[in-house]
Amino acid sequence: CHIFNETQRSPVNCLELSVKCLRILVEKGWGRQLSPQMGKQLIILLTLIVGGTPNKSGETSSSQTRSPELAIAGFNCLLAIFNVLDGPVAKQTIYHEVGTATVVDQMVYLMLEGAADEGSDELCISAAKALQALFQRITDRVVLASIMPRTVSTLTKIIKPSTQVRRSYKLLSVCLQIFNYLLRTVLNDQIAKTSEKSAPSQNAEDQMVLDASWL
């Protein structure tokens, strides 16, 4: 805890080991008993560690963001959290949170940046797997629809063949699985028909996001 309070001063390798220890605590210690409140705090912490903290000008000012090893450890830890953190409270306060600049929005942006990285294939795969685990926890079509355009755009760039960047089959496989899940969940004809029948009970936000243009 002391190390994480000094992220700007701690050496990168020290932070990396600390994040790996945190992952062990999540997997072997807390497990399914990890509370949504603690889980959300850990998610925000890891988002800042991997993505860096913005300075006054809005730019990221963290030397740790240049460490692929730290980013990989962070994404693997997020994956561990998503695997154990579930339940109605977690869905309401984290996965299905409504508003601007939610935790999900920030995580998705960070993981898509990691998955599209052109330097480390291991980094790309760890980010993609964490993103996949996050999406498996999001069952609200409205939330998925709100992050779908950016996700599809980035995944398309990753999957599209390129002579400049060679993507591993493992990364392509995870990206295609995410793509498939999004299409089946958001644009599923059966779910869409059910939603149309229950339209009077939907709130204004549902109708605004998932109108006819989505179907």
# chains A, B, ... in the order shown; residues from 1 in each chain; ligands from 1

call {"tool": "residues_around", "arguments": {"residues": "Gly74 of chain A", "least_positions_apart": "4", "cutoff": "10 Å", "atoms": "only C-alpha atoms", "output": "PyMOL selection string"}}
result
chain A and resi 15-16+18-20+22-23+43+45-51+68-70+78-80+123+126-127+130

call {"tool": "residues_around", "arguments": {"residues": "Leu131 of chain A", "least_positions_apart": "3", "cutoff": "7 Å", "atoms": "only C-alpha atoms", "output": "PyMOL selection string"}}
result
chain A and resi 108+111+127-128+134-135

call {"tool": "closest_residue", "arguments": {"among": "A:Ser162, A:Asn76, A:Gln37, A:Ser67", "to": "Cys21 of chain A", "atoms": "only C-alpha atoms"}}
result
A:Asn76

call {"tool": "residues_around", "arguments": {"residues": "segment 93-99 of chain A", "least_positions_apart": "6", "cutoff": "12 Å", "atoms": "only C-alpha atoms", "output": "VMD selection string"}}
result
chain A and resid 35 to 44 81 to 82 85 to 87 105 to 108 133 to 147 205 to 206

call {"tool": "residues_around", "arguments": {"residues": "Cys124 of chain A", "least_positions_apart": "3", "cutoff": "7 Å", "atoms": "only C-alpha atoms", "output": "number ranges by chain"}}
result
A: 114-117, 120-121, 127-128, 171

call {"tool": "write_last_selection", "arguments": {"atoms": "N, CA and C atoms", "output": "short mmCIF file (atom, residue, chain, number, x, y, z; two decimals), in the first residue's frame"}}
result
data_model
loop_
_atom_site.label_atom_id
_atom_site.label_comp_id
_atom_site.auth_asym_id
_atom_site.auth_seq_id
_atom_site.Cartn_x
_atom_site.Cartn_y
_atom_site.Cartn_z
N GLY A 114 -3.44 -0.52 -25.31
CA GLY A 114 -2.47 -1.60 -25.10
C GLY A 114 -2.55 -2.67 -26.15
N ALA A 115 -3.76 -3.06 -26.53
CA ALA A 115 -3.94 -4.11 -27.54
C ALA A 115 -3.42 -3.68 -28.90
N ALA A 116 -3.45 -2.39 -29.18
CA ALA A 116 -3.00 -1.87 -30.48
C ALA A 116 -1.53 -1.49 -30.47
N ASP A 117 -0.84 -1.74 -29.36
CA ASP A 117 0.58 -1.39 -29.25
C ASP A 117 1.38 -2.11 -30.35
N SER A 120 5.26 -4.59 -28.25
CA SER A 120 5.33 -5.88 -27.56
C SER A 120 4.07 -6.70 -27.81
N ASP A 121 4.25 -7.90 -28.36
CA ASP A 121 3.11 -8.77 -28.61
C ASP A 121 2.52 -9.26 -27.29
N ALA A 127 -3.39 -7.09 -22.74
CA ALA A 127 -4.42 -6.05 -22.78
C ALA A 127 -5.71 -6.59 -23.39
N ALA A 128 -5.58 -7.35 -24.46
CA ALA A 128 -6.76 -7.91 -25.14
C ALA A 128 -7.49 -8.90 -24.25
N LEU A 171 -3.10 -13.12 -30.63
CA LEU A 171 -3.73 -11.81 -30.47
C LEU A 171 -4.94 -11.68 -31.37
#

call {"tool": "residues_around", "arguments": {"residues": "Ser168 of chain A", "least_positions_apart": "2", "cutoff": "10 Å", "atoms": "only C-alpha atoms", "output": "list of chain:residue names"}}
result
A:Asp121, A:Glu122, A:Cys124, A:Ile125, A:Ile159, A:Val165, A:Arg166, A:Lys170, A:Leu171, A:Leu172, A:Ser173

call {"tool": "closest_residue", "arguments": {"among": "A:Val103, A:Ala73, A:Ile178, A:Val152", "to": "Cys14 of chain A", "atoms": "only C-alpha atoms"}}
result
A:Ala73

call {"tool": "atom_distance", "arguments": {"atom1": "atom CA of Gln92 of chain A", "atom2": "atom CA of Trp30 of chain A"}}
result
20.4 Å
